[in-house]
Amino acid sequence: MRNIKIGVLALQGAFIEHEHMLTDLGAVCTEIRQPSDLTGLDGIVLPGGESTVQGQLLHKSGLFTPLRKLISDGLPTLGTCAGLILMAQEISNPVADRTIQEKAAPTAHLGTLPVTVRRNAYGRQLSSFVTEQPIAGIGNYPMIFIRAPYIERTDVNVEILAKVDGNIVAVKYKNQIGLSFHPELSENSNIHEWFLSQCEK
Ligand code: GLN
């Protein structure tokens with residue numbers, strides 16, 4: 001058991017899988033559903049799922065402003081897939097690829113990570129795949145992409161950790177790690193271990 005408490009945003013999407021991986025590594029996990037869940041955290045995970053739905057729920061739950069503040073104030077944060085979209089400063093196609101249902105809802109994203117992402121960048125239908133590629137500081141890693149975004153632009157201070165077919169799929173900026181793929185669905189916990197080591201500092 002390690003003395004680290006990680007808050008996993010649990011409004012929608014693949015949050016349980018992150019919790020399993022983090023607790024296997026000895027961390028304590030707590031599910032974030034309301035502002036009072038944000039106290040005493042050493043790190044935050046923003047899981048994959050549907051970023052438009054998550055953004056709406058962030059507003060409804062009152063989490064949007066306090067969560068954004070914690071991340072911009074420096075709390076270590078890991079965002080995967082939809083979580084990366086939530087962190088991105090800019091979404092290049094917020095409307096074009098959205099369903100009618102999605103179009104009815106405003107796009108809400110935290111905007112703490114100075115990158116531009118393209119949602120559903122691999123197309124909406126035949127868009128899930130697995131590939132093993134190197135990640136800087138981690139080594140070869142099995143990357144699982146599910147209707148994933150990729151990163152089209154980064155600010156100069158953003159560290160690019162991995163590319164697939166020339167597109168950026170993993171970045172680090174100060175306390176924030178953003179990934180296009182789903183490390184919590186793989187058998188390899190090296191990314192979560194690396195994240196926990198940042199939370200321990
Ligand atoms: N396509 C989703 C979105 O735009 C992300 C998919 C995922 O998190 N696996 O929010």
# chains A, B, ... in the order shown; residues from 1 in each chain; ligands from 1
$ residues_around --residues "region 3-8 of chain A" --least-positions-apart "6" --cutoff "12 Å" --atoms "only C-alpha atoms" --output "JSON, numbers by chain"
{"A": [14, 15, 16, 17, 18, 19, 20, 21, 22, 23, 25, 26, 27, 28, 29, 30, 31, 32, 33, 34, 35, 36, 37, 38, 39, 40, 41, 42, 43, 44, 45, 46, 47, 48, 67, 70, 71, 75, 76, 77, 78, 79, 80, 83, 192, 193, 195, 196, 197, 198, 199, 200, 201]}
$ select_by_dssp --residues "region 14-64 of chain A" --states "helix (DSSP H, G or I)" --output "NGL selection string"
:A and (15-24 or 35-38 or 51-61 or 64)
$ closest_atom_pairs --of "chain A" --to "ligand 1" --cutoff "7 Å" --atoms "only C-alpha atoms and all ligand atoms" --output "JSON lines"
{"residue": "A:Gly48", "atom": "CA", "partner": "ligand 1", "partner_atom_place_in_ligand_line": "8 (O)", "distance": 3.4}
{"residue": "A:Gly49", "atom": "CA", "partner": "ligand 1", "partner_atom_place_in_ligand_line": "8 (O)", "distance": 3.9}
{"residue": "A:Glu50", "atom": "CA", "partner": "ligand 1", "partner_atom_place_in_ligand_line": "10 (O)", "distance": 3.6}
{"residue": "A:Ser51", "atom": "CA", "partner": "ligand 1", "partner_atom_place_in_ligand_line": "10 (O)", "distance": 3.5}
{"residue": "A:Thr52", "atom": "CA", "partner": "ligand 1", "partner_atom_place_in_ligand_line": "10 (O)", "distance": 5.9}
{"residue": "A:Thr80", "atom": "CA", "partner": "ligand 1", "partner_atom_place_in_ligand_line": "8 (O)", "distance": 6.8}
{"residue": "A:Cys81", "atom": "CA", "partner": "ligand 1", "partner_atom_place_in_ligand_line": "8 (O)", "distance": 4.1}
{"residue": "A:Ala82", "atom": "CA", "partner": "ligand 1", "partner_atom_place_in_ligand_line": "8 (O)", "distance": 3.8}
{"residue": "A:Gly83", "atom": "CA", "partner": "ligand 1", "partner_atom_place_in_ligand_line": "8 (O)", "distance": 6.9}
{"residue": "A:Ile85", "atom": "CA", "partner": "ligand 1", "partner_atom_place_in_ligand_line": "10 (O)", "distance": 6.7}
{"residue": "A:Arg119", "atom": "CA", "partner": "ligand 1", "partner_atom_place_in_ligand_line": "4 (O)", "distance": 5.0}
{"residue": "A:Asn120", "atom": "CA", "partner": "ligand 1", "partner_atom_place_in_ligand_line": "1 (N)", "distance": 4.9}
{"residue": "A:Phe145", "atom": "CA", "partner": "ligand 1", "partner_atom_place_in_ligand_line": "9 (N)", "distance": 6.9}
{"residue": "A:Ile146", "atom": "CA", "partner": "ligand 1", "partner_atom_place_in_ligand_line": "9 (N)", "distance": 4.5}
{"residue": "A:Arg147", "atom": "CA", "partner": "ligand 1", "partner_atom_place_in_ligand_line": "1 (N)", "distance": 4.6}
{"residue": "A:Ala148", "atom": "CA", "partner": "ligand 1", "partner_atom_place_in_ligand_line": "6 (C)", "distance": 5.1}
{"residue": "A:Pro149", "atom": "CA", "partner": "ligand 1", "partner_atom_place_in_ligand_line": "5 (C)", "distance": 6.6}
$ select_by_dssp --residues "region 17-186 of chain A" --states "strand (DSSP E or B)" --output "VMD selection string"
chain A and resid 28 to 32 43 to 46 77 to 80 88 to 91 113 to 118 129 to 135 139 to 145 150 to 154 159 to 164 167 to 173 176 to 179
$ closest_residue --among "A:Ala10, A:Val158, A:Leu63, A:Val53" --to "Gln176 (chain A)" --atoms "only C-alpha atoms"
A:Val158
$ closest_residue --among "A:Arg2, A:Arg118, A:Arg68, A:His109" --to "Asn167 (chain A)" --atoms "only C-alpha atoms"
A:Arg118
$ residues_around --residues "Thr112 (chain A)" --least-positions-apart "2" --cutoff "8 Å" --atoms "only C-alpha atoms" --output "list in words"
Arg68, Ile71, Ser72, Met87, Ala88, Gln89, Leu110 and Pro114 of chain A
